[in-house]
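Next up, entry_20.txt (compact mmCIF, C-alpha atoms and all ligand atoms):
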# COMPACT_ATOMS: atom_id res chain seq x y z
CA MET A 53 21.27 31.91 -36.45
CA THR A 54 19.30 29.32 -34.49
CA LEU A 55 16.66 31.09 -32.47
CA LEU A 56 15.52 28.17 -30.34
CA PRO A 57 17.78 26.20 -28.01
CA ASP A 58 18.95 22.98 -29.66
CA ARG A 59 17.74 20.63 -26.99
CA HIS A 60 15.06 20.62 -24.36
CA ALA A 61 14.98 18.60 -21.17
CA LEU A 62 11.89 16.45 -20.81
CA LEU A 63 11.63 17.74 -17.25
CA GLY A 64 12.88 21.25 -17.88
CA PRO A 65 12.22 24.31 -15.71
CA SER A 66 9.77 26.02 -18.08
CA GLY A 67 7.36 23.05 -17.97
CA ALA A 68 7.84 22.37 -14.24
CA HIS A 69 4.49 23.91 -13.22
CA MET A 70 2.93 21.34 -15.56
CA TRP A 71 4.79 18.10 -14.82
CA LEU A 72 4.88 18.77 -11.07
CA ALA A 73 1.11 19.27 -11.00
CA CYS A 74 0.36 16.50 -13.51
CA PRO A 75 3.28 14.02 -13.73
CA PRO A 76 2.05 11.99 -16.77
CA SER A 77 1.89 15.19 -18.86
CA ALA A 78 5.64 15.07 -19.65
CA ARG A 79 5.61 11.69 -21.42
CA LEU A 80 2.18 12.25 -22.96
CA GLY A 81 3.27 15.59 -24.42
CA GLU A 82 6.48 14.05 -25.76
CA GLN A 83 4.51 12.54 -28.63
CA TYR A 84 3.53 15.97 -29.96
CA PRO A 85 5.93 18.37 -31.66
CA ASP A 86 7.03 21.66 -30.15
CA THR A 87 5.22 24.45 -31.90
CA GLU A 88 6.85 27.77 -32.57
CA SER A 89 4.73 30.89 -32.73
CA ASP A 90 5.67 34.46 -33.51
CA TYR A 91 5.49 35.09 -29.74
CA THR A 92 8.06 32.39 -28.98
CA ARG A 93 10.32 33.60 -31.81
CA GLU A 94 10.08 37.15 -30.51
CA GLY A 95 10.84 36.00 -26.94
CA THR A 96 13.84 33.97 -28.07
CA LEU A 97 15.21 36.93 -29.99
CA ALA A 98 14.75 39.24 -26.98
CA HIS A 99 16.68 36.75 -24.83
CA ARG A 100 19.45 36.62 -27.40
CA LEU A 101 19.65 40.41 -27.45
CA ALA A 102 19.65 40.53 -23.64
CA GLU A 103 22.49 38.02 -23.49
CA LEU A 104 24.52 39.98 -26.01
CA ARG A 105 24.00 43.28 -24.20
CA LEU A 106 24.97 41.75 -20.86
CA ARG A 107 28.09 40.13 -22.33
CA GLU A 108 29.03 43.42 -23.94
CA GLN A 109 28.62 45.33 -20.67
CA TRP A 110 30.05 42.85 -18.17
CA GLU A 111 32.49 40.77 -20.20
CA GLY A 112 33.63 43.45 -22.66
CA ARG A 113 32.66 41.27 -25.65
CA ASP A 114 32.52 42.70 -29.14
CA ILE A 115 28.93 41.91 -30.16
CA THR A 116 28.83 43.85 -33.45
CA GLU A 117 28.30 40.88 -35.72
CA GLN A 118 25.77 39.06 -33.53
CA LEU A 119 23.89 42.30 -32.90
CA GLN A 120 23.53 42.82 -36.65
CA GLU A 121 22.03 39.35 -36.95
CA VAL A 122 19.53 40.14 -34.19
CA GLN A 123 18.64 43.50 -35.72
CA ALA A 124 18.09 41.88 -39.12
CA SER A 125 15.31 39.72 -37.70
CA PRO A 126 11.75 40.71 -38.61
CA PHE A 127 10.92 40.40 -34.90
CA TYR A 128 13.41 43.07 -33.86
CA ASN A 129 12.15 46.60 -33.23
CA ASN A 130 12.95 49.67 -31.12
CA ALA A 131 10.48 48.70 -28.44
CA MET A 132 12.30 45.39 -27.98
CA ALA A 133 15.62 47.23 -27.71
CA GLU A 134 14.14 49.49 -25.01
CA HIS A 135 12.66 46.63 -23.00
CA VAL A 136 15.92 44.73 -23.13
CA ALA A 137 17.77 47.89 -22.07
CA ASP A 138 15.47 48.04 -19.01
CA TYR A 139 16.44 44.47 -18.16
CA VAL A 140 20.13 45.23 -18.59
CA ASP A 141 19.71 48.29 -16.31
CA PHE A 142 17.98 46.10 -13.76
CA ILE A 143 20.90 43.66 -13.72
CA ALA A 144 23.24 46.64 -13.24
CA GLU A 145 21.11 47.79 -10.27
CA ARG A 146 21.30 44.33 -8.72
CA MET A 147 25.07 44.26 -9.30
CA ALA A 148 25.38 47.67 -7.61
CA GLU A 149 23.36 46.39 -4.69
CA ALA A 150 25.54 43.26 -4.53
CA LYS A 151 28.64 45.46 -4.42
CA THR A 152 27.37 46.99 -1.20
CA ARG A 153 27.65 43.50 0.33
CA CYS A 154 30.97 42.43 -1.18
CA PRO A 155 33.57 44.06 -3.44
CA ASP A 156 33.56 41.45 -6.22
CA PRO A 157 30.10 40.01 -6.92
CA GLN A 158 30.02 37.47 -9.75
CA LEU A 159 27.55 37.63 -12.63
CA TYR A 160 26.74 34.50 -14.64
CA ILE A 161 24.98 35.11 -17.95
CA GLU A 162 22.87 32.50 -19.79
CA THR A 163 24.33 29.48 -18.07
CA GLU A 164 23.19 25.92 -18.55
CA VAL A 165 22.34 24.57 -15.10
CA HIS A 166 21.86 20.92 -14.15
CA TYR A 167 19.82 19.40 -11.38
CA GLU A 168 20.10 15.70 -12.28
CA ASP A 169 20.67 14.86 -8.59
CA TYR A 170 16.94 15.38 -8.16
CA VAL A 171 15.39 15.13 -11.64
CA PRO A 172 16.42 12.62 -14.32
CA ASP A 173 18.20 14.46 -17.15
CA GLY A 174 17.18 17.72 -15.49
CA PHE A 175 18.75 20.85 -16.95
CA GLY A 176 17.83 24.31 -18.16
CA THR A 177 19.28 27.70 -19.03
CA SER A 178 19.32 30.40 -16.40
CA ASP A 179 19.20 33.97 -17.76
CA ALA A 180 21.29 35.68 -15.10
CA CYS A 181 22.68 34.90 -11.66
CA ILE A 182 24.58 37.13 -9.24
CA ILE A 183 26.49 35.81 -6.25
CA ALA A 184 27.53 38.08 -3.43
CA ASP A 185 28.22 37.29 0.19
CA GLY A 186 25.77 34.52 0.99
CA ILE A 187 22.98 35.71 -1.34
CA MET A 188 22.46 34.23 -4.79
CA ASP A 189 20.20 36.23 -7.09
CA VAL A 190 18.58 34.24 -9.89
CA ILE A 191 16.92 36.49 -12.46
CA ASP A 192 14.61 35.43 -15.25
CA LEU A 193 13.60 37.68 -18.14
CA LYS A 194 10.07 37.05 -19.35
CA PHE A 195 9.35 38.95 -22.53
CA GLY A 196 5.66 38.10 -22.89
CA ALA A 197 3.13 40.89 -22.55
CA GLY A 198 0.32 38.66 -21.31
CA VAL A 199 0.10 37.15 -17.85
CA PRO A 200 1.97 38.57 -14.83
CA VAL A 201 4.07 35.80 -13.25
CA GLU A 202 4.82 35.56 -9.52
CA ALA A 203 8.24 34.46 -8.30
CA LYS A 204 6.92 33.11 -4.99
CA ASP A 205 6.60 29.31 -4.96
CA ASN A 206 7.32 29.31 -8.68
CA PRO A 207 8.74 25.86 -9.57
CA GLN A 208 10.53 27.14 -12.68
CA MET A 209 12.44 29.69 -10.59
CA ARG A 210 13.16 27.11 -7.92
CA LEU A 211 14.69 24.82 -10.53
CA TYR A 212 16.92 27.61 -11.84
CA GLY A 213 17.85 28.38 -8.23
CA LEU A 214 18.52 24.72 -7.47
CA GLY A 215 20.61 24.27 -10.64
CA GLN A 216 22.65 27.39 -9.93
CA TYR A 217 23.11 26.35 -6.31
CA LEU A 218 24.38 22.91 -7.35
CA GLU A 219 26.76 24.53 -9.86
CA LEU A 220 28.16 27.15 -7.53
CA SER A 221 27.80 26.11 -3.89
CA TRP A 222 31.12 24.25 -3.94
CA ALA A 223 32.87 27.56 -4.60
CA TYR A 224 30.69 30.09 -2.76
CA ARG A 225 28.75 30.28 0.49
CA ILE A 226 25.06 30.52 -0.46
CA ASP A 227 22.58 30.95 2.39
CA THR A 228 19.71 32.62 0.55
CA VAL A 229 18.42 32.20 -2.97
CA ARG A 230 16.52 35.23 -4.23
CA MET A 231 14.46 34.54 -7.34
CA THR A 232 13.29 37.43 -9.52
CA ILE A 233 11.07 37.52 -12.58
CA PHE A 234 11.53 40.63 -14.70
CA GLN A 235 8.68 41.39 -17.14
CA PRO A 236 9.65 44.62 -18.91
CA ARG A 237 6.58 44.81 -21.14
CA LEU A 238 4.36 44.73 -18.09
CA GLY A 239 6.69 47.02 -16.10
CA ARG A 240 6.71 44.29 -13.47
CA ILE A 241 9.27 42.78 -11.13
CA SER A 242 8.40 39.91 -8.81
CA SER A 243 10.94 38.67 -6.24
CA SER A 244 10.87 35.98 -3.61
CA SER A 245 13.60 34.56 -1.37
CA ILE A 246 14.09 31.11 0.06
CA GLN A 247 16.77 29.77 2.36
CA ALA A 248 19.11 27.38 0.54
CA LYS A 249 18.34 24.69 3.10
CA GLU A 250 14.59 25.01 2.48
CA LEU A 251 15.19 24.83 -1.28
CA LEU A 252 17.18 21.60 -0.87
CA ASP A 253 14.46 20.13 1.40
CA TRP A 254 11.85 20.92 -1.25
CA ALA A 255 14.05 19.33 -3.91
CA GLU A 256 14.57 16.17 -1.90
CA ASN A 257 11.09 15.67 -0.51
CA GLU A 258 8.74 17.16 -3.11
CA LEU A 259 10.57 17.54 -6.40
CA LYS A 260 12.50 14.28 -6.50
CA PRO A 261 9.61 11.82 -5.98
CA VAL A 262 7.32 13.59 -8.44
CA ALA A 263 10.11 13.91 -11.01
CA ALA A 264 10.74 10.16 -10.78
CA LEU A 265 7.04 9.54 -11.49
CA ALA A 266 7.00 12.01 -14.38
CA TRP A 267 10.14 10.48 -15.91
CA ALA A 268 8.56 7.02 -15.77
CA GLY A 269 5.30 8.35 -17.27
CA GLY A 270 3.47 7.44 -14.07
CA GLY A 271 1.37 9.30 -11.54
CA GLU A 272 -2.17 10.61 -11.74
CA PHE A 273 -3.50 12.97 -14.36
CA HIS A 274 -4.45 16.18 -12.65
CA PRO A 275 -6.13 18.62 -15.01
CA GLY A 276 -6.27 22.30 -14.11
CA GLU A 277 -6.19 25.63 -15.91
CA ASP A 278 -2.53 26.46 -15.14
CA GLN A 279 -0.98 23.11 -15.99
CA CYS A 280 -3.16 22.32 -19.02
CA ARG A 281 -2.74 25.72 -20.69
CA TRP A 282 0.69 24.97 -22.19
CA CYS A 283 0.54 21.17 -22.24
CA LYS A 284 1.32 19.78 -25.70
CA ALA A 285 -1.35 17.11 -25.19
CA ALA A 286 -3.99 19.63 -24.11
CA ALA A 287 -6.17 19.22 -27.20
CA VAL A 288 -6.35 15.42 -26.99
CA CYS A 289 -5.91 14.62 -23.31
CA ARG A 290 -8.84 12.52 -22.14
CA ALA A 291 -8.45 13.57 -18.49
CA ARG A 292 -8.73 17.20 -19.48
CA ALA A 293 -11.72 16.54 -21.73
CA GLU A 294 -13.49 14.70 -18.92
CA TYR A 295 -12.63 17.50 -16.50
CA GLN A 296 -13.98 20.16 -18.84
CA LEU A 297 -17.14 18.24 -19.65
CA GLU A 298 -17.75 17.38 -16.00
CA LEU A 299 -17.50 21.02 -15.03
CA ALA A 300 -19.67 22.03 -17.98
CA LYS A 301 -22.39 19.73 -16.64
CA TYR A 302 -23.26 22.24 -13.95
CA ASP A 303 -26.07 20.94 -11.79
CA PHE A 304 -28.72 23.64 -11.58
CA ALA A 305 -31.01 23.53 -8.56
CA ASP A 306 -33.94 25.28 -10.26
CA PRO A 307 -34.74 23.64 -13.62
CA ALA A 308 -36.62 26.65 -15.03
CA THR A 309 -34.20 29.57 -14.83
CA MET A 310 -30.66 30.21 -13.66
CA SER A 311 -30.19 32.27 -10.51
CA TRP A 312 -27.55 35.02 -10.61
CA GLU A 313 -25.39 32.74 -8.51
CA ASP A 314 -25.69 30.08 -11.25
CA VAL A 315 -24.78 32.68 -13.89
CA GLY A 316 -21.69 33.64 -11.86
CA LYS A 317 -20.56 30.02 -11.69
CA VAL A 318 -21.06 29.50 -15.42
CA LEU A 319 -19.17 32.73 -16.21
CA ALA A 320 -16.25 31.49 -14.12
CA ARG A 321 -15.97 28.44 -16.38
CA ILE A 322 -16.33 30.12 -19.76
CA SER A 323 -12.73 31.23 -20.32
CA ASP A 324 -11.20 27.80 -19.67
CA LEU A 325 -13.96 25.97 -21.55
CA THR A 326 -13.55 28.27 -24.53
CA LYS A 327 -9.78 27.81 -24.58
CA TRP A 328 -10.16 24.04 -24.47
CA ALA A 329 -12.79 24.06 -27.21
CA GLU A 330 -10.55 26.24 -29.41
CA GLN A 331 -7.56 23.94 -28.87
CA VAL A 332 -9.60 20.86 -29.80
CA GLN A 333 -10.95 22.67 -32.87
CA ALA A 334 -7.48 23.80 -34.00
CA TYR A 335 -6.03 20.32 -33.46
CA ALA A 336 -8.82 18.64 -35.44
CA GLN A 337 -8.63 21.20 -38.25
CA SER A 338 -4.86 20.88 -38.52
CA ALA A 339 -5.04 17.05 -38.52
CA ALA A 340 -7.69 17.09 -41.25
CA ILE A 341 -5.96 19.68 -43.46
CA THR A 342 -2.35 18.61 -42.97
CA HIS A 343 -2.66 14.85 -42.57
CA GLY A 344 -6.01 14.12 -44.25
CA GLN A 345 -7.37 12.79 -40.97
CA ILE A 346 -11.02 11.71 -41.30
CA ILE A 347 -13.06 12.82 -38.30
CA PRO A 348 -16.41 11.03 -38.08
CA GLY A 349 -19.30 13.44 -38.67
CA TRP A 350 -17.05 16.22 -40.05
CA LYS A 351 -15.68 17.20 -43.47
CA LEU A 352 -13.42 19.81 -45.00
CA VAL A 353 -15.09 22.47 -47.16
CA GLN A 354 -13.94 25.66 -48.83
CA GLY A 355 -14.12 28.38 -46.15
CA ARG A 356 -15.94 31.67 -46.60
CA SER A 357 -13.86 34.55 -47.89
CA ASN A 358 -14.22 38.28 -48.32
CA ARG A 359 -13.93 40.05 -51.64
CA LYS A 360 -10.76 42.08 -52.12
CA TYR A 361 -9.09 44.23 -54.75
CA ALA A 362 -6.86 42.28 -57.14
CA ASP A 363 -5.22 45.39 -58.69
CA GLU A 364 -5.64 48.63 -56.71
CA PRO A 365 -3.93 50.98 -59.23
CA ALA A 366 -6.12 49.62 -62.06
CA ILE A 367 -9.28 50.11 -60.01
CA ALA A 368 -8.24 53.64 -59.06
CA ALA A 369 -7.46 54.47 -62.70
CA ALA A 370 -10.83 53.16 -63.86
CA LEU A 371 -12.70 55.17 -61.22
CA ARG A 372 -10.68 58.36 -61.89
CA LYS A 373 -11.44 57.96 -65.60
CA ALA A 374 -15.10 57.76 -64.70
CA GLY A 375 -14.85 61.14 -62.97
CA TYR A 376 -14.31 60.19 -59.29
CA LYS A 377 -11.86 62.47 -57.46
CA ALA A 378 -8.82 61.12 -55.61
CA GLY A 379 -10.21 62.55 -52.33
CA GLU A 380 -13.34 60.47 -52.81
CA ILE A 381 -11.77 57.11 -53.53
CA TYR A 382 -8.72 57.24 -51.24
CA LYS A 383 -8.71 57.20 -47.43
CA PRO A 384 -6.99 60.21 -45.92
CA LYS A 385 -3.53 59.40 -44.58
CA ALA A 386 -3.74 57.63 -41.22
CA LEU A 387 -1.12 57.30 -38.48
CA LEU A 388 0.17 53.90 -37.55
CA GLY A 389 -1.65 52.28 -34.63
CA LEU A 390 -0.13 52.88 -31.18
CA THR A 391 1.48 49.43 -30.89
CA ALA A 392 3.04 49.66 -34.35
CA MET A 393 4.17 53.23 -33.58
CA GLU A 394 5.83 52.06 -30.33
CA LYS A 395 7.63 49.38 -32.27
CA LEU A 396 8.83 51.98 -34.77
CA VAL A 397 9.83 54.73 -32.34
CA GLY A 398 10.28 52.87 -29.03
CA ALA A 399 7.80 53.23 -26.15
CA LYS A 400 9.95 55.60 -24.05
CA LYS A 401 10.95 57.82 -26.96
CA LEU A 402 7.36 58.03 -28.17
CA ASN A 403 6.34 59.02 -24.68
CA GLN A 404 9.04 61.73 -24.59
CA LEU A 405 8.11 63.06 -28.02
CA ALA A 406 4.35 62.86 -27.94
CA GLY A 407 3.27 61.44 -24.56
CA GLN A 408 1.05 64.47 -23.85
CA TYR A 409 -1.01 63.66 -26.93
CA ILE A 410 -1.63 60.05 -26.01
CA ILE A 411 -4.55 59.41 -23.73
CA LYS A 412 -5.97 56.33 -22.10
CA PRO A 413 -9.75 56.67 -22.17
CA GLU A 414 -11.80 54.92 -19.55
CA GLY A 415 -12.42 51.35 -20.64
CA ALA A 416 -15.94 50.10 -21.21
CA PRO A 417 -17.31 48.33 -18.11
CA ALA A 418 -16.29 44.67 -18.07
CA LEU A 419 -17.51 41.85 -15.89
CA VAL A 420 -14.52 40.11 -14.27
CA PRO A 421 -14.03 37.70 -11.35
CA GLU A 422 -14.00 39.24 -7.84
CA SER A 423 -10.35 38.22 -7.51
CA ASP A 424 -9.37 40.71 -10.26
CA LYS A 425 -7.13 43.46 -8.79
CA ARG A 426 -8.96 46.37 -10.46
CA PRO A 427 -11.38 48.26 -8.16
CA ALA A 428 -15.11 47.70 -8.69
CA ILE A 429 -16.96 50.48 -10.52
CA HIS A 430 -20.55 51.58 -10.12
CA THR A 431 -22.66 51.60 -13.25
CA ALA A 432 -25.18 54.34 -14.03
CA ALA A 433 -28.03 52.00 -13.13
CA GLN A 434 -26.46 51.28 -9.76
CA ALA A 435 -25.76 54.97 -9.17
CA ALA A 436 -29.47 55.68 -9.83
CA GLU A 437 -30.40 53.00 -7.27
CA ASP A 438 -27.98 54.53 -4.73
CA PHE A 439 -29.52 57.93 -5.41
CA LYS A 440 -33.04 56.59 -4.81
CA GLU A 441 -31.91 55.02 -1.55
CA ASP A 442 -30.41 58.35 -0.42
CA LEU A 443 -33.77 60.03 -0.98
CA THR A 444 -35.77 57.52 1.06
S1 LIG A 501 -3.77 18.30 -20.61
FE1 LIG A 501 -3.71 18.70 -18.43
S2 LIG A 501 -4.41 16.82 -17.51
FE2 LIG A 501 -3.84 16.30 -19.58
S3 LIG A 501 -1.72 15.66 -19.45
FE3 LIG A 501 -1.69 17.83 -19.93
S4 LIG A 501 -1.55 18.84 -17.94
FE4 LIG A 501 -2.20 16.73 -17.55

Just give me the structure as structure tokens.
Amino acid sequence: MTLLPDRHALLGPSGAHMWLACPPSARLGEQYPDTESDYTREGTLAHRLAELRLREQWEGRDITEQLQEVQASPFYNNAMAEHVADYVDFIAERMAEAKTRCPDPQLYIETEVHYEDYVPDGFGTSDACIIADGIMDVIDLKFGAGVPVEAKDNPQMRLYGLGQYLELSWAYRIDTVRMTIFQPRLGRISSSSIQAKELLDWAENELKPVAALAWAGGGEFHPGEDQCRWCKAAAVCRARAEYQLELAKYDFADPATMSWEDVGKVLARISDLTKWAEQVQAYAQSAAITHGQIIPGWKLVQGRSNRKYADEPAIAAALRKAGYKAGEIYKPKALLGLTAMEKLVGAKKLNQLAGQYIIKPEGAPALVPESDKRPAIHTAAQAAEDFKEDLT
């Protein structure tokens, strides 16, 4: 079973946040291969499972054989099945809601949508779309457990919406396009609506000119954290390197020591700088190891390694023979970690069976940007200060 789609559009929806912000990124990135990680394989499998479950429920398909293939994958687990079931339930809720507006809402599952009227060779695959009485619901499953993604002003969602509109508006009245991102592993749903007319205006006046530039490999490089993060040229892009190094050259007013304001500004840069540095390092290392690339001033050496047992039973036998007891040389049995246990049992089932024994201790204090949604906490030192102030 192929787990990745066979073909990708150069100006596809998933990279739209990148090529719309930085048009030359599409052609520059074209020179570098797509890389598959375990995360992308897992996400692709979850989408496949979601498609099968939806087709089973709404089209009455027999999915036995395909389901077995999915379940045979090393990336399949009970937690994935539960998260996909949540998504399938969500689609059912949206269908029920649509039925309150019209008796026969239509559900489109995993459809290839085209928007070549606005973007050269523009196409993508939309996870789910429901049409009912003037409202078109475009729903995207995001299986990642990392960053929450907003539907509002999201160019990927707009392209799915545009593609679906162009496919279906000849047959249905569509006044409003509601775009929803469903992130089951974060327990998060983000929705945003746009009038169809506004979507078409955006496509004509903003999308189309930038897409033409991107297709031609023109336009200005515009580095930034969001667009560079997934760019295939991120490790070698000169514009990004200059941007990172320029920002790293922070101009301190006082040459002797940094003020706390200076420290705050440096902290704000560390995450992006570190990511960039790691990408450059990984790119250089891979080029040197895989392709024998010589990098001036650098060489390949044997890395450090940790000692490990070559034959555990033989070591145990030797130690037992020397008089050591099993209880001394073996660890006591340990439970699987929580993530592995959730994968084994399923998050909901684990919660039903043993939720009362699972706690979430207070996290250690962490310094984060002010924009972070978590409330500020007071440290012991600050509490002592507050106490002193109360006494004066
Ligand atoms: S790394 Fe950033 S600046 Fe460079 S091409 Fe990619 S998106 Fe544009």

Near-Pro421 of chain A list (10 Å; only C-alpha atoms; drop same-chain fewer than 6 positions) as a list in words: Gly316, Leu319 and Ala320 of chain A

Neighbours of point (-6.3, 52.0, -12.7) within 12 Å, using all atoms listed in the file, written as a list in words: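 Residues lying no farther than 12 Å from the given point: Lys412, Pro413, Glu414, Gly415, Asp424, Lys425, Arg426, Pro427, Ala428 and Ile429 of chain A.
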
Counting only C-alpha atoms, the option among A:Tyr170, A:Tyr128, A:Phe234, A:Trp110 closest to Asn257 of chain A: A:Tyr170

Best match for closeness to ligand LIG 501 (chain A) among A:Leu218, A:Leu238, A:Ala180, A:Ala291, counting only C-alpha atoms and all ligand atoms: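 Selected residue with least distance to ligand LIG 501 (chain A): A:Ala291.
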
Surroundings of ligand LIG 501 (chain A) up to 6 Å, based on only C-alpha atoms and all ligand atoms, as a list in words: Met70, Cys74, Pro76, Ser77, Phe273, His274, Pro275, Gln279, Cys280, Cys283, Ala285, Ala286, Cys289, Ala291 and Arg292 of chain A

Atomic distance atom CA of Asn130 of chain A - atom CA of Ile411 of chain A, expressed in Å with one decimal: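 We find that atom CA of Asn130 of chain A and atom CA of Ile411 of chain A lie 21.3 Å from each other.
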
Please return as a PDB file with C-alpha atoms, in the frame of the given file every residue within 12 Å of (12.4, 38.9, -37.6), taking into account only C-alpha atoms and the file's own coordinates.
ATOM      1  CA  MET A  53      21.270  31.910 -36.450  1.00  0.00           C
ATOM      2  CA  LEU A  55      16.660  31.090 -32.470  1.00  0.00           C
ATOM      3  CA  ASP A  90       5.670  34.460 -33.510  1.00  0.00           C
ATOM      4  CA  TYR A  91       5.490  35.090 -29.740  1.00  0.00           C
ATOM      5  CA  THR A  92       8.060  32.390 -28.980  1.00  0.00           C
ATOM      6  CA  ARG A  93      10.320  33.600 -31.810  1.00  0.00           C
ATOM      7  CA  GLU A  94      10.080  37.150 -30.510  1.00  0.00           C
ATOM      8  CA  GLY A  95      10.840  36.000 -26.940  1.00  0.00           C
ATOM      9  CA  THR A  96      13.840  33.970 -28.070  1.00  0.00           C
ATOM     10  CA  LEU A  97      15.210  36.930 -29.990  1.00  0.00           C
ATOM     11  CA  ALA A  98      14.750  39.240 -26.980  1.00  0.00           C
ATOM     12  CA  GLN A 120      23.530  42.820 -36.650  1.00  0.00           C
ATOM     13  CA  GLU A 121      22.030  39.350 -36.950  1.00  0.00           C
ATOM     14  CA  VAL A 122      19.530  40.140 -34.190  1.00  0.00           C
ATOM     15  CA  GLN A 123      18.640  43.500 -35.720  1.00  0.00           C
ATOM     16  CA  ALA A 124      18.090  41.880 -39.120  1.00  0.00           C
ATOM     17  CA  SER A 125      15.310  39.720 -37.700  1.00  0.00           C
ATOM     18  CA  PRO A 126      11.750  40.710 -38.610  1.00  0.00           C
ATOM     19  CA  PHE A 127      10.920  40.400 -34.900  1.00  0.00           C
ATOM     20  CA  TYR A 128      13.410  43.070 -33.860  1.00  0.00           C
ATOM     21  CA  ASN A 129      12.150  46.600 -33.230  1.00  0.00           C
ATOM     22  CA  MET A 132      12.300  45.390 -27.980  1.00  0.00           C
TER      23      MET A 132
END

Proximity to Glu258 of chain A - best of A:Val171, A:Ile226, A:Ile233, A:Ala416, all atoms listed in the file: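 Ranking A:Val171, A:Ile226, A:Ile233, A:Ala416 by distance to Glu258 of chain A, first place goes to A:Val171.
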
Best match for closeness to Val318 of chain A among A:Lys301, A:His166, A:Lys377, A:Arg210, counting only C-alpha atoms: A:Lys301

Point-to-point distance in Å for atom CA of Ile241 of chain A and atom CA of Val199 of chain A: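 So the two atoms, atom CA of Val199 of chain A and atom CA of Ile241 of chain A, lie 12.7 Å apart.
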
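In this structure, atom CA of Gln333 of chain A sits 12.7 Å away from atom CA of Ala293 of chain A.
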
Exercise: segment 260-267 of chain A partners within 8 Å, all atoms listed in the file, chain neighbours under 4 positions left out, as a list of chain:residue names: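 In the requested form, the answer reads A:Leu62, A:Leu63, A:Trp71, A:Leu72, A:Pro75, A:Pro76, A:Ser77, A:Ala78, A:Arg79, A:Tyr170, A:Val171, A:Pro172, A:Ala255, A:Glu256, A:Gly271.
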
Among the residues A:Lys249, A:Lys284, A:His135, A:Leu259, the one that comes closest to Asp169 of chain A [using all atoms listed in the file]: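 Using all atoms listed in the file, Asp169 of chain A sits closest to A:Leu259.
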
Minimum-distance residue to Lys327 of chain A, chosen among A:Lys204, A:Arg281, A:Arg225, A:Arg372 (using all atoms listed in the file):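 Distance minimum relative to Lys327 of chain A lands on A:Arg281.
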
Can you pull out the residues contacting Met147 of chain A? Cut-off 9 Å, using all atoms listed in the file, and skip same-chain residues under 5 positions away; I want them as a PDB file with C-alpha atoms, in the coordinates of the input.
ATOM      1  CA  PHE A 142      17.980  46.100 -13.760  1.00  0.00           C
ATOM      2  CA  THR A 152      27.370  46.990  -1.200  1.00  0.00           C
ATOM      3  CA  PRO A 157      30.100  40.010  -6.920  1.00  0.00           C
ATOM      4  CA  GLN A 158      30.020  37.470  -9.750  1.00  0.00           C
ATOM      5  CA  LEU A 159      27.550  37.630 -12.630  1.00  0.00           C
ATOM      6  CA  ILE A 182      24.580  37.130  -9.240  1.00  0.00           C
ATOM      7  CA  ALA A 184      27.530  38.080  -3.430  1.00  0.00           C
TER       8      ALA A 184
END

Residues near His99 of chain A, cut-off 9 Å, only C-alpha atoms, skip fewer than 6 positions along chain, as a ChimeraX atom specification: /A:136,179,193-195

May I ask you to restore N, CA and C atoms in segment 117-127 of chain A and write the result as a compact mmCIF listing (two decimals), keeping the file's coordinate frame?
# COMPACT_ATOMS: atom_id res chain seq x y z
N GLU A 117 28.83 41.79 -34.70
CA GLU A 117 28.30 40.88 -35.72
C GLU A 117 26.98 40.22 -35.27
N GLN A 118 26.98 39.73 -34.04
CA GLN A 118 25.77 39.06 -33.53
C GLN A 118 24.61 40.04 -33.41
N LEU A 119 24.94 41.28 -33.04
CA LEU A 119 23.89 42.30 -32.90
C LEU A 119 23.25 42.57 -34.26
N GLN A 120 24.07 42.60 -35.29
CA GLN A 120 23.53 42.82 -36.65
C GLN A 120 22.57 41.71 -37.03
N GLU A 121 22.93 40.49 -36.65
CA GLU A 121 22.03 39.35 -36.95
C GLU A 121 20.70 39.53 -36.24
N VAL A 122 20.77 39.93 -34.96
CA VAL A 122 19.53 40.14 -34.19
C VAL A 122 18.70 41.25 -34.84
N GLN A 123 19.37 42.34 -35.18
CA GLN A 123 18.64 43.50 -35.72
C GLN A 123 18.08 43.23 -37.11
N ALA A 124 18.61 42.22 -37.78
CA ALA A 124 18.09 41.88 -39.12
C ALA A 124 16.82 41.04 -39.03
N SER A 125 16.50 40.57 -37.84
CA SER A 125 15.31 39.72 -37.70
C SER A 125 14.03 40.54 -37.87
N PRO A 126 13.02 39.97 -38.50
CA PRO A 126 11.75 40.71 -38.61
C PRO A 126 11.08 40.93 -37.25
N PHE A 127 11.55 40.23 -36.22
CA PHE A 127 10.92 40.40 -34.90
C PHE A 127 11.59 41.49 -34.08
